[in-house]
Structures are given as C-alpha cells and as structure tokens.
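Report on the structure given below.
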Amino acid sequence: MPQSQEETEYLRENLSIWFWIDCNDLEGSWECRDGTTDVVYTDWGRGEPNNGHREDCAVATDSGVWNDVKCEDRAPVICKRPAPQLQF
Ligand SMILES: [Ca+2]
Ligand SMILES: [Ca+2]
C-alpha cells in the first residue's frame with residue numbers, strides 16, 4: 001500500500017490503471033495481507049470509503065486516490081521491493 005503522498009504521486013504519474021493496495025478496508029479498521037492493521041497514511045477519494053455494495057477491498061484508482069470496491073472485483077497488484085545495491 002502506498003505509504004506516503006510521495007509514493008502516491010509517483011504511482012499517479014506513472015500508472016494509468018487501478019490496483020489493489022493489499023489491504024481490506026473494514027470501515028474504521030484495516031486488515032492487510034502483511035498483517036498490518038495500523039494504517040497511518042490514507043488517501044481516500046471524495047466520499048470514500050462508502051462501502052457502497054459491501055465493498056471492503058481497497059484499491060488506488062487511476063487518479064491515485066483510494067476507493068473501497070467489492071472484493072469480487074479483479075484488480076492488478078503492484079509489487080514494491082528495495083532498490084538493489086550497486087556493486088562497483
Ligand atoms: Ca468498506
Ligand atoms: Ca467505494
């Protein structure tokens with residue numbers, strides 16, 4: 001999941017897809033696949049999370065802001081890893 005406004009801006013500028021942020025939104029609490037439940041940074045779109053149709057899976061939209069969607073919806077994932085150490 002994006003951890004900061006900087007990460008959100010990077011994704012917004014470089015992606016034109018929506019993607020799952022690896023956490024489920026449970027209206028007031030979180031359940032993330034890595035075990036995280038204490039989510040400090042959020043970037044919900046206007047009116048979200050609205051739990052519109054039993055929506056508990058959070059995605060970043062193509063405009064960068066977050067939305068909770070139905071967990072049956074399919075969305076790509078973005079993997080993040082540390083930058084490789086350069087050897088000289
Ligand atoms: Ca929800
Ligand atoms: Ca929603």
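The chains in the structure tokens are called A, B, ... from first to last as shown; in each chain the residues are counted from 1, and the ligands are counted from 1 in the order shown.
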Check every protein, DNA and RNA residue against ligand 2, keep those with an atom at most 12 Å away (counting only C-alpha atoms and all ligand atoms), and present them as an MDAnalysis selection string.
chainID A and resid 24:27 44:61 65:71 73
As a PyMOL selection string, please: every residue in chain A that DSSP puts in strand (DSSP E or B).
chain A and resi 19-25+30-32+44+55-60+66-70+77
Determine the nearest neighbour of ligand 1 from the options A:Gln5, A:Asn14, A:Thr42, A:Ser29, counting only C-alpha atoms and all ligand atoms.
A:Ser29
Residues at most 9 Å from Val77 of chain A, counting only C-alpha atoms, excluding those fewer than 4 positions away in the same chain, as a VMD selection string?
chain A and resid 18 to 22
Choose the residue, out of A:Asp62, A:Glu31, A:Asp38, A:Glu13, that has the smallest atom-to-atom separation from ligand 1; count only C-alpha atoms and all ligand atoms.
A:Glu31
Please extract the residues of segment 10-60 of chain A with a backbone DSSP assignment of alpha helix (DSSP H) and present them as a CSV table (one decimal) with C-alpha atoms, in the first residue's frame.
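See states-v9.csv below for the written result:
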chain,number,residue,atom,x,y,z
A,10,TYR,CA,4.8,8.6,-8.2
A,11,LEU,CA,2.1,6.0,-8.8
A,12,ARG,CA,-0.4,8.6,-10.1
A,13,GLU,CA,2.2,9.9,-12.6
A,14,ASN,CA,3.4,6.6,-13.8
Tell me which of A:Trp30, A:Pro76, A:Leu86, A:Gln3 sits closest to Asp43 of chain A, counting only C-alpha atoms.
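Nearest to Asp43 of chain A: A:Gln3.
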In Å, with one decimal, what is the gap from atom CA of Val39 of chain A to atom CA of Ser16 of chain A?
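Between these atoms lies a distance of 24.5 Å.
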Atomic separation - atom CA of Cys79 of chain A relative to atom CA of Cys23 of chain A, Å:
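Atom CA of Cys79 of chain A lies 13.3 Å from atom CA of Cys23 of chain A.
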Which of these residues is nearest to ligand 1, using only C-alpha atoms and all ligand atoms: A:Ser4, A:Gly28, A:Pro82, A:Ile17?
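Of the candidates, the smallest distance to ligand 1 is held by A:Gly28.
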